[in-house]
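I have placed the structure first, in the form of structure tokens, so that the comments after it can refer back to it.
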Amino acid sequence: MKKVGVDVGGSHVTVSVIEHNATDNQKQTFFRKEINTNENPTAIISAIGNSIKEALDHQNGVATIGIAFPGPFNYAKGVSEIKGVGGKFETTFGVHIQQALKNFTGLDTAFFAFGNDAHCFAVGAYHRHQLKSKRTVFLTLGTGFGSAFMVDGDLVENHPDVPKNGVFYDKPFLGTIADECFSTRWILAEYERLSGQIIKSVKALAALNTDVSKIVFRNFGANMGTFLFPWFEKFSCEELVIGGNISKAKALFLPVLEEKLKSLKTKINILFCDDAEQSILTGATIIADKKNRLQMENTIQSKRKTTQALLPVNEVVKSNSDYNIFPSFHTNSDVFVGFDSLANAISKQKKVIIDGFGGVLWENFRNHLNSALTEKKINVLWYDIDACLKSSAEIDEMIKPNMNGDDLVFGKRYEGELSDFFDAEKLKMLQPDSAADICIVYGTGASLANWEGQLIYVDVPKNEIQYRMRACSVKNIGSTDTLAYSQIYKRLYFIEWPVLNAHKERLLPKIDLIVDEQRIDEITWMQGSDFRKALDKMLESPLRARPWFEAGVWGGHWMKNHIDDLNQEEVNYAWSFELITPENGIVLEGNNHLLEVSFDFLMFRDNKKVLGKAAERFGNDFPIRFDYLDTFDGGNLSVQCHPRPEYIKENFGEPFTQDETYYILDCRDDANVYLGFTDDINPKEFEQALIESQETAQPIEIEKYVQKFKAKKHDLFLIPNGTIHASGINNMVLEISSTPYIFTFKMYDWVRPGLDGKPRPINVEHGLKNVYFDRKGERVANEFISKQTAVQEFPNGRKMNLSTHQEHFYAIDRYEFTGDIEIETLGQCHICMLVEGDIAEVSAGENTQTFKYAETFVIPANVPKYKINCKGDNKAFVVVSYVKDSWC
């Protein structure tokens, strides 16, 4: 298979077709073509693409195409990030050069890879000249100051002995940067300064052989030696390899350069390469081969790491009483399937903006849509919004106060905007090329480019984002590092999700097309106007969020045994996110196809219609959550507490705290709940026992400190903030709580590792600052176990009030009945569950939904009243929770 090496320079493109493995010095055949680096991107792509096509001359069997391209450049993606280098190629800023060249040449099966020209030179020169040096520095001297470092023949960029990012060009020198001092620009400007005359080229200056011209080159060599000396001393450089046009004048600057470097501790050999161009082309193909092998290895890896199934494309109908893990809401609009249909929808546009949530597999998405567009013979130019991001280091510094160091769980909510992550000057540089059929700017934050065009928004469920993070297939916004999963999630929760949600809210009225990307290779989508109509319809109807399920160290088997569609191979199920709106989605069905978007779209559409009276206080924050904690044949939850309101606000930036209740949906006879302290609790003794257990990994007799109460079906245990508690084994707990859901201060965890074998984070210090030691003894039974009283009787049943604590802002009722009942919302959103019975048919006006046992559903406050008709002869129990009027 043939390999193609391409060197894109400041004035020309050189191409070489290599028919072998580039392992010898066999003479190469070159094809060279001039290029105007100031033209529009389409013209530049055409010049490079035509050079490749003409060099190949219709030859087939091309395996790899390695391209040396000047920087700044995203070499992994093949995206130009050229800015501030004198104007050359700056019109290509943000353009996906790799995709554009692939489209132009039609070499669909070839692997295109990019490399820094200095890196290509280094790899090619080391190979061609069969170098053996252990520590080698390579310089290319021409229109810019290129550099590369090798240790034992391998390129290094992040190494303690080399400059940051492994480059010299941006390092300070003589009041400017090195690139301005060791380039053609400096030499010509220095001659003009000393002589008052203008000369056109370094070659012409070298030929002058005048006193002034000699001084220019001596100064050049002296400056270079002064600059390089400390870096070479640190790196212990053994060999310096120099190429590029300026190197041809070596006789004029080498003596003074050698003089400046002669006192280095490590003796250095200086080698000049007259075959720099051949070396660059050879190096480009070697680098391309290596990247091709790595990509083939990576494609084998899964893009998501989980045992849970993807949402299917088609509607899942459960005609019996089985719990449905894929609930959907019927719309009267079309949901379309596939990239081909999306390509049809945008094919007549000149400019398209594809924005979306963090966690979308953008390059995979772009590849699929590009293929669909090119099949229609459409010349598409892709612009990557990531080119406009601030550097990873800048972003890390910006969010540092919110990350709380290496804390495994807790950060502080970021109060800024998505635009904070982007460089405003770079955003201005992202300009569409009118010569292309379609220009598409894509990626998270794409609308910040301020293009006028069709707006597509791509959503992906938060559970899928986490599965992708676990598989290392996506990273945090602007991050170049793969962080530990706990740090990835912490950055998502406290920083990225808040800014992305605010960005999504602003875009909702403008979205032309909405896309569900979670299936990776098969999207579903719908028109933005239809999407907004569907949201409006949901605001008048009973609805259910899509739940998702997770294993945990204390997880049990109740859900596995009662929900047939769950993966039975999973080790256990600890949680079900029944309704934790910051992470749940809602699924829309149209013409039997399913499209999922985040639940918060409903809040953004009209939070008053969702929350009614509570909207003024909670805004877009849905206040109540329902989730399952399953310990059947599992283990005890950690002994824990939750932060007091002022603590969570000051330390974590949350507007309200994590007040909980445990509703016992089901349990075995031996089930218990740990709640409150024993009457004789000694806080200091308890603290010391916790610390010693943590240090020695020895269990403690927790019942010496914490009370244990027998759990019975339909009991309700009250857990306002600061209350010590835990669910014991053999409970199926419906946790009815305020929405914050990660602020659990684990104080004792039974001396066990997590499912990954690593210690689980313990938060004794946080816990001791928040726990109330006066919640003890008889007070606990009197105040923290709900009193259940009948407040209304009717012919076919009754309404029970399940008292909550005075610190709980939500109330809980239970309706026990046969047949049907009607419930008024009274201006509040109702969160409901059928906790006894098989099937409930819930109607609001003309809208009817069917819900099964243990399924959570929501009645928006916009619905004045709703009817529940329970099928079957047995009495049904429906739990209903809502915000207390007094807390609105």
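Going through the structure tokens in order, the chains are called A, B, and so on, while each chain numbers its residues from 1 and the ligands are numbered from 1 in the order shown.
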Fill in: Spatial neighbours of Leu802 of chain A, 8 Å, only C-alpha atoms, chain gap at least 3 places, as a ChimeraX atom specification
/A:716,786-789,811-814
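All residues within segment 193-255 of chain A that the backbone DSSP calculation assigns to strand (DSSP E) are Glu239, Leu240, Val241, Ile242 and Gly243 of chain A.
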Worksheet item: DSSP says alpha helix (DSSP H) for which residues of segment 261-477 of chain A? Put them as a PyMOL selection string?
Response: chain A and resi 261+276-300+339-346+362-374+392-403+424-429+462-470
Worksheet item: From the set A:Ala446, A:Leu311, A:Leu56, A:Ala726, which residue has the shortest atom-to-atom contact distance to Ile586 of chain A, counting only C-alpha atoms?
Response: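 So, comparing all the options, the nearest one is A:Leu311.
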Practice prompt. Please provide the set of residues having any atom within 10 Å of Ser51 of chain A, restricted to only C-alpha atoms, with same-chain residues fewer than 4 positions apart removed, written as a ChimeraX atom specification.
Written response: /A:6,12-16,31-35,45-47,55-57,105
Fill in: Among the residues A:Asn245, A:Asn402, A:Thr818, A:Asn796, the one that comes closest to Phe652 of chain A [using only C-alpha atoms]
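Looking at the shortest contact to Phe652 of chain A, the residue is A:Asn402.
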Discussion item. Give me, as a PyMOL selection string, all polymer residues having an atom no more than 12 Å from Gly845 of chain A, counting only C-alpha atoms and skipping those fewer than 3 positions away in the same chain.
Written reply: chain A and resi 537+539-542+822+842+848-849+859+862-867
Counting only C-alpha atoms, which residues of segment 492-602 of chain A sit at most 10 Å from some atom of segment 363-370 of chain A, and what is each one's closest atom pair with its distance in Å to one decimal, listed by chain and rising residue number, as CSV?
residue,atom,partner,partner_atom,distance
A:Glu517,CA,A:Phe365,CA,8.0
A:Ile520,CA,A:Phe365,CA,7.4
A:Asp521,CA,A:His368,CA,7.5
A:Glu522,CA,A:His368,CA,9.1
A:Ile523,CA,A:Phe365,CA,8.9
Item to complete: Enter the distance from atom CA of Tyr741 of chain A to atom CA of Gln658 of chain A, in Å, rounded to one decimal.
Response: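 Atom CA of Gln658 of chain A lies at a distance of 6.6 Å from atom CA of Tyr741 of chain A.
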Item to complete: Find the residues around Pro795 of chain A up to 12 Å (only C-alpha atoms counted), leave out those fewer than 4 positions away in its own chain, and share them as JSON, numbers by chain.
Response: {"A": [799, 816, 817, 818, 819, 820, 821]}
Discussion item. Can you measure atom CA of Pro230 of chain A to atom CA of Lys164 of chain A for me? One decimal in Å is fine.
Written reply: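 Answer for the atom CA of Pro230 of chain A to atom CA of Lys164 of chain A separation: 14.2 Å.
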Worksheet entry | For Gln99 of chain A, the nearest of the candidates A:Lys400, A:Arg625, A:His808, A:Lys77, counting only C-alpha atoms | A:Lys77
